[in-house]
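**Student:** Got a structure for you, written out below as structure tokens; questions coming shortly.
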Amino acid sequence: MFNFFKKAPEIKKLPFLVDIHSHLLPGIDDGVKSFEESLHILKIFEGLGYKKVITTPHVMSDYYKNTSESILNKLHQTRDFLKDKNIDIKLDAAAEYYLDENFIEQLMSNEKLLTLGDNYLLFETSFLNKPAFLEDAIFNINTQGYKPVLAHPERYGYLENDEGLVDNLKNMGLYFQLNYLSLTGFYSKSIQKFAVKLLKRNLIDFIGTDCHNAFQASEIIKSLGTRNMKLLMSQHFKNGSLL
Ligand SMILES: [Fe+2]
């Protein structure tokens with residue numbers, strides 16, 4: 001009960017090896033603003049022990065009209081910039097698809113979507129309201145041969161108070177990716193609480209930084225000694241399998 005007073009473990013490096021959620025390709029979403037900012041963050045990640053970053057620009061028909069082509073073009077430009085910058089981290093790209101009609105159309109048209117590792121497909125939904133077609137979408141993602149990964153489940157209000165829905169989604173084969181900073185209270189106290197609950201129930205498959213900018217990267221460094229890290233370090237995640 002009085003965990004607050006327990007000494008947090010001293011952690012200098014994170015054990016995840018591969019980050020699977022971030023916004024580090026400049027100018028194509030609400031992530032980094034420049035190649036220099038991307039380099040700065042990747043240097044921090046390298047120092048934290050990451051060997052590979054699969055960055056995931058937003059694809060959202062209303063705001064970020066990215067395509068596989070625009071994302072891969074920017075990936076190649078970013079890799080060119082990093083070439084002589086003395087950084088030893090592999091940079092790949094996939095996407096964070098927003099669950100909207102456009103996404104469903106793309107999915108059903110058999111267009112090849114950008115995926116992580118062995119066909120894991122990262123997607124997000126509205127934060128407040130459960131999409132009416134959520135279960136259908138997960139079913140279709142599966143039947144199209146992808147493995148659905150829900151980005152930051154701890155951030156959705158509609159999941160927080162519905163344990164039955166959480167269990168149903170997991171039973172459908174949905175993977176959960178927790179945002180690292182959710183555990184520090186960076187987003188809110190209630191998100192932190194829900195993140196801890198999901199971890200304690202062993203429902204988290206992947207950890208991601210969801211890093212958008214240099215400030216968030218500095219928050220990750222600051223978090224290393226905080227109290228939920230012991231819980232995080234006691235569990236095993238699938239990140240390393242994507243190396
Ligand atoms: Fe994201």
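Please note that chains go A, B, ... in the order of the structure tokens, that every chain numbers its residues from 1, and that ligands are numbered from 1 in the order shown.
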Considering only C-alpha atoms, return as a ChimeraX atom specification whatever protein or nucleic-acid residues lie within 9 Å of range 209-226 of chain A, sequence-local ones (same chain, fewer than 6 positions apart) excluded.
**Tutor:** /A:7-14,19-24,30-33,37-38,40-41,44-45,48,55-56,151-152,178-181,183-184,186
**Student:** Taking the backbone alone, and naming residues the way the document does, which bits of range 33-167 of chain A are helix (DSSP H, G or I) by DSSP, as JSON, numbers by chain?
**Tutor:** {"A": [35, 36, 37, 38, 39, 40, 41, 42, 43, 44, 45, 46, 47, 68, 69, 70, 71, 72, 73, 74, 75, 76, 77, 78, 79, 80, 81, 82, 101, 102, 103, 104, 105, 106, 107, 108, 134, 135, 136, 137, 138, 139, 140, 141, 142, 143, 153, 154, 155, 157, 158, 159, 160, 163, 164, 165, 166, 167]}
**Student:** For the residues in the current selection, export C-alpha atoms as a PDB file, in the first residue's frame.
**Tutor:**
```
ATOM      1  CA  PHE A  35      15.954  16.118 -38.991  1.00  0.00           C
ATOM      2  CA  GLU A  36      18.084  17.570 -36.174  1.00  0.00           C
ATOM      3  CA  GLU A  37      15.330  16.907 -33.614  1.00  0.00           C
ATOM      4  CA  SER A  38      15.007  13.363 -34.909  1.00  0.00           C
ATOM      5  CA  LEU A  39      18.776  12.858 -34.525  1.00  0.00           C
ATOM      6  CA  HIS A  40      18.707  14.316 -31.004  1.00  0.00           C
ATOM      7  CA  ILE A  41      15.979  11.864 -29.927  1.00  0.00           C
ATOM      8  CA  LEU A  42      17.605   8.877 -31.616  1.00  0.00           C
ATOM      9  CA  LYS A  43      20.864   9.656 -29.761  1.00  0.00           C
ATOM     10  CA  ILE A  44      18.905   9.592 -26.503  1.00  0.00           C
ATOM     11  CA  PHE A  45      17.297   6.280 -27.490  1.00  0.00           C
ATOM     12  CA  GLU A  46      20.703   4.844 -28.367  1.00  0.00           C
ATOM     13  CA  GLY A  47      21.938   5.854 -24.911  1.00  0.00           C
ATOM     14  CA  SER A  68       2.952   4.230 -47.533  1.00  0.00           C
ATOM     15  CA  GLU A  69       4.838   6.086 -50.273  1.00  0.00           C
ATOM     16  CA  SER A  70       5.064   9.428 -48.442  1.00  0.00           C
ATOM     17  CA  ILE A  71       6.205   7.693 -45.247  1.00  0.00           C
ATOM     18  CA  LEU A  72       8.875   5.601 -46.980  1.00  0.00           C
ATOM     19  CA  ASN A  73      10.129   8.645 -48.917  1.00  0.00           C
ATOM     20  CA  LYS A  74      10.586  10.561 -45.671  1.00  0.00           C
ATOM     21  CA  LEU A  75      12.218   7.521 -44.068  1.00  0.00           C
ATOM     22  CA  HIS A  76      14.835   7.463 -46.834  1.00  0.00           C
ATOM     23  CA  GLN A  77      15.490  11.207 -46.495  1.00  0.00           C
ATOM     24  CA  THR A  78      15.909  10.807 -42.723  1.00  0.00           C
ATOM     25  CA  ARG A  79      18.254   7.855 -43.153  1.00  0.00           C
ATOM     26  CA  ASP A  80      20.345   9.940 -45.602  1.00  0.00           C
ATOM     27  CA  PHE A  81      20.569  12.728 -43.035  1.00  0.00           C
ATOM     28  CA  LEU A  82      21.675  10.268 -40.322  1.00  0.00           C
ATOM     29  CA  GLU A 101     -13.565   4.680 -42.863  1.00  0.00           C
ATOM     30  CA  ASN A 102     -10.562   5.406 -45.015  1.00  0.00           C
ATOM     31  CA  PHE A 103      -8.534   2.856 -43.072  1.00  0.00           C
ATOM     32  CA  ILE A 104     -11.225   0.202 -43.485  1.00  0.00           C
ATOM     33  CA  GLU A 105     -11.370   0.916 -47.231  1.00  0.00           C
ATOM     34  CA  GLN A 106      -7.598   0.558 -47.521  1.00  0.00           C
ATOM     35  CA  LEU A 107      -7.671  -2.630 -45.499  1.00  0.00           C
ATOM     36  CA  MET A 108     -10.429  -4.228 -47.555  1.00  0.00           C
ATOM     37  CA  LEU A 134     -14.122  -1.703 -33.522  1.00  0.00           C
ATOM     38  CA  GLU A 135     -14.720  -5.453 -33.250  1.00  0.00           C
ATOM     39  CA  ASP A 136     -15.448  -5.724 -37.002  1.00  0.00           C
ATOM     40  CA  ALA A 137     -12.211  -3.878 -37.744  1.00  0.00           C
ATOM     41  CA  ILE A 138     -10.172  -6.224 -35.532  1.00  0.00           C
ATOM     42  CA  PHE A 139     -11.820  -9.227 -37.193  1.00  0.00           C
ATOM     43  CA  ASN A 140     -11.016  -7.833 -40.647  1.00  0.00           C
ATOM     44  CA  ILE A 141      -7.423  -6.957 -39.732  1.00  0.00           C
ATOM     45  CA  ASN A 142      -6.970 -10.558 -38.626  1.00  0.00           C
ATOM     46  CA  THR A 143      -8.633 -12.082 -41.684  1.00  0.00           C
ATOM     47  CA  PRO A 153      -5.048   1.125 -24.695  1.00  0.00           C
ATOM     48  CA  GLU A 154      -4.589   2.879 -21.340  1.00  0.00           C
ATOM     49  CA  ARG A 155      -5.462   6.220 -22.965  1.00  0.00           C
ATOM     50  CA  GLY A 157     -11.763   6.457 -21.779  1.00  0.00           C
ATOM     51  CA  TYR A 158     -14.145   3.876 -23.226  1.00  0.00           C
ATOM     52  CA  LEU A 159     -11.815   1.024 -22.181  1.00  0.00           C
ATOM     53  CA  GLU A 160     -10.904   2.324 -18.742  1.00  0.00           C
ATOM     54  CA  GLU A 163     -13.120  -4.611 -18.090  1.00  0.00           C
ATOM     55  CA  GLY A 164     -15.473  -6.871 -20.087  1.00  0.00           C
ATOM     56  CA  LEU A 165     -14.608  -5.021 -23.282  1.00  0.00           C
ATOM     57  CA  VAL A 166     -10.882  -5.239 -22.506  1.00  0.00           C
ATOM     58  CA  ASP A 167     -11.200  -9.003 -22.084  1.00  0.00           C
TER      59      ASP A 167
END
```
**Student:** Compare A:Gly208, A:Gly240, A:Gly117, A:Gly49 by their minimum atom-to-atom distance to ligand 1, counting only C-alpha atoms and all ligand atoms, and give me the closest one.
**Tutor:**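 Answer, going by the shortest atom-to-atom distance: A:Gly208.
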**Student:** Which residue gives the smallest distance to Ser126 in chain A among A:Met172, A:Met60, A:Tyr187, A:Phe194, with only C-alpha atoms counted?
**Tutor:**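 Ranked by minimum distance to Ser126 in chain A, first place goes to A:Met60.
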**Student:** Quick one: of A:Ser190, A:Ser61, A:Gln235, A:Thr125, who's nearest to ligand 1, counting only C-alpha atoms and all ligand atoms?
**Tutor:** A:Thr125
